[in-house]
Amino acid sequence: MNKRLIWALGLIALCVLAFIFTGGTTTVELFDFALKLKTSLALLCFTGIGIVIGALLK
């Protein structure tokens, strides 16, 4: 395994820990549209969006 893969796996593990220990609800507002989600689900969605953006920029 190279160093980049180890760092990526470590960051994924940190995200998973944040998702597990985060509770409550979050309101995501886009223009006039408001969506109420569990906080862990909102974090997962934005992490996925970040991964897609990172893959497209690579």
# chains A, B, ... in the order shown; residues from 1 in each chain; ligands from 1
>>> residues_around(residues="Ile20 (chain A)", least_positions_apart="5", cutoff="12 Å", atoms="only C-alpha atoms", output="PyMOL selection string")
chain A and resi 13-15+38-41+43-44
>>> select_by_dssp(residues="chain A", states="helix (DSSP H, G or I)", output="short mmCIF file (atom, residue, chain, number, x, y, z; two decimals) with N, CA and C atoms, in the first residue's frame")
data_model
loop_
_atom_site.label_atom_id
_atom_site.label_comp_id
_atom_site.auth_asym_id
_atom_site.auth_seq_id
_atom_site.Cartn_x
_atom_site.Cartn_y
_atom_site.Cartn_z
N LYS A 3 1.39 5.52 0.46
CA LYS A 3 1.01 6.47 1.52
C LYS A 3 -0.33 7.15 1.23
N ARG A 4 -0.62 7.43 -0.03
CA ARG A 4 -1.88 8.10 -0.36
C ARG A 4 -3.07 7.24 -0.01
N LEU A 5 -2.99 5.95 -0.25
CA LEU A 5 -4.08 5.04 0.07
C LEU A 5 -4.28 4.94 1.59
N ILE A 6 -3.19 4.89 2.33
CA ILE A 6 -3.28 4.83 3.79
C ILE A 6 -3.92 6.10 4.34
N TRP A 7 -3.52 7.27 3.82
CA TRP A 7 -4.15 8.53 4.26
C TRP A 7 -5.63 8.56 3.92
N ALA A 8 -5.98 8.10 2.73
CA ALA A 8 -7.39 8.09 2.32
C ALA A 8 -8.22 7.18 3.22
N LEU A 9 -7.70 6.00 3.53
CA LEU A 9 -8.43 5.08 4.42
C LEU A 9 -8.57 5.66 5.82
N GLY A 10 -7.54 6.36 6.29
CA GLY A 10 -7.61 7.00 7.60
C GLY A 10 -8.67 8.10 7.64
N LEU A 11 -8.74 8.89 6.58
CA LEU A 11 -9.76 9.93 6.52
C LEU A 11 -11.16 9.35 6.44
N ILE A 12 -11.33 8.26 5.71
CA ILE A 12 -12.63 7.59 5.64
C ILE A 12 -13.02 7.07 7.03
N ALA A 13 -12.07 6.53 7.76
CA ALA A 13 -12.35 6.03 9.11
C ALA A 13 -12.77 7.18 10.03
N LEU A 14 -12.12 8.33 9.92
CA LEU A 14 -12.51 9.50 10.72
C LEU A 14 -13.93 9.96 10.37
N CYS A 15 -14.27 9.94 9.10
CA CYS A 15 -15.63 10.31 8.69
C CYS A 15 -16.65 9.34 9.27
N VAL A 16 -16.35 8.06 9.23
CA VAL A 16 -17.27 7.06 9.77
C VAL A 16 -17.48 7.28 11.27
N LEU A 17 -16.41 7.58 11.99
CA LEU A 17 -16.55 7.86 13.42
C LEU A 17 -17.41 9.10 13.67
N ALA A 18 -17.23 10.11 12.84
CA ALA A 18 -18.06 11.32 12.98
C ALA A 18 -19.52 11.00 12.72
N PHE A 19 -19.79 10.14 11.73
CA PHE A 19 -21.17 9.78 11.41
C PHE A 19 -21.81 8.99 12.55
N ILE A 20 -21.04 8.11 13.17
CA ILE A 20 -21.59 7.26 14.23
C ILE A 20 -21.93 8.08 15.47
N PHE A 21 -21.05 9.01 15.85
CA PHE A 21 -21.23 9.73 17.10
C PHE A 21 -22.01 11.03 16.96
N THR A 39 -28.48 14.37 10.95
CA THR A 39 -27.17 15.00 10.77
C THR A 39 -26.17 14.03 10.15
N SER A 40 -26.20 12.78 10.57
CA SER A 40 -25.24 11.81 10.01
C SER A 40 -25.50 11.58 8.52
N LEU A 41 -26.76 11.59 8.10
CA LEU A 41 -27.08 11.42 6.68
C LEU A 41 -26.64 12.65 5.87
N ALA A 42 -26.82 13.83 6.43
CA ALA A 42 -26.37 15.05 5.75
C ALA A 42 -24.85 15.04 5.58
N LEU A 43 -24.12 14.63 6.63
CA LEU A 43 -22.66 14.54 6.53
C LEU A 43 -22.24 13.52 5.48
N LEU A 44 -22.94 12.39 5.41
CA LEU A 44 -22.64 11.37 4.41
C LEU A 44 -22.85 11.91 3.00
N CYS A 45 -23.94 12.64 2.79
CA CYS A 45 -24.23 13.20 1.46
C CYS A 45 -23.14 14.19 1.04
N PHE A 46 -22.75 15.08 1.95
CA PHE A 46 -21.75 16.07 1.59
C PHE A 46 -20.36 15.46 1.44
N THR A 47 -20.08 14.40 2.16
CA THR A 47 -18.82 13.69 1.96
C THR A 47 -18.80 13.04 0.58
N GLY A 48 -19.92 12.43 0.19
CA GLY A 48 -20.03 11.84 -1.15
C GLY A 48 -19.86 12.87 -2.25
N ILE A 49 -20.46 14.05 -2.06
CA ILE A 49 -20.30 15.13 -3.04
C ILE A 49 -18.84 15.55 -3.13
N GLY A 50 -18.16 15.63 -1.99
CA GLY A 50 -16.74 15.98 -1.98
C GLY A 50 -15.88 14.95 -2.69
N ILE A 51 -16.23 13.68 -2.53
CA ILE A 51 -15.48 12.62 -3.21
C ILE A 51 -15.66 12.72 -4.72
N VAL A 52 -16.88 12.99 -5.15
CA VAL A 52 -17.14 13.12 -6.60
C VAL A 52 -16.38 14.32 -7.16
N ILE A 53 -16.41 15.44 -6.45
CA ILE A 53 -15.68 16.62 -6.92
C ILE A 53 -14.18 16.33 -6.98
N GLY A 54 -13.64 15.67 -5.95
CA GLY A 54 -12.22 15.33 -5.95
C GLY A 54 -11.85 14.39 -7.08
N ALA A 55 -12.72 13.42 -7.38
CA ALA A 55 -12.45 12.50 -8.48
C ALA A 55 -12.50 13.21 -9.82
N LEU A 56 -13.42 14.17 -9.97
CA LEU A 56 -13.51 14.90 -11.22
C LEU A 56 -12.33 15.86 -11.43
N LEU A 57 -11.79 16.39 -10.34
CA LEU A 57 -10.67 17.30 -10.45
C LEU A 57 -9.32 16.58 -10.64
#
>>> select_by_dssp(residues="chain A", states="strand (DSSP E)", output="list in words")
Thr25, Thr26, Thr27, Val28, Glu29, Leu30, Phe33, Ala34, Leu35, Lys36, Leu37 and Lys38 of chain A
>>> write_last_selection(atoms="C-alpha atoms", output="CSV table (one decimal), in the first residue's frame")
chain,number,residue,atom,x,y,z
A,25,THR,CA,-31.3,16.7,12.8
A,26,THR,CA,-30.0,19.3,10.4
A,27,THR,CA,-31.9,21.6,8.0
A,28,VAL,CA,-30.3,22.0,4.6
A,29,GLU,CA,-31.5,25.1,2.8
A,30,LEU,CA,-30.9,25.5,-0.9
A,33,PHE,CA,-36.0,24.7,-0.6
A,34,ALA,CA,-35.5,23.4,2.9
A,35,LEU,CA,-34.8,19.8,3.7
A,36,LYS,CA,-34.7,18.3,7.2
A,37,LEU,CA,-32.3,15.4,7.5
A,38,LYS,CA,-30.5,13.4,10.2
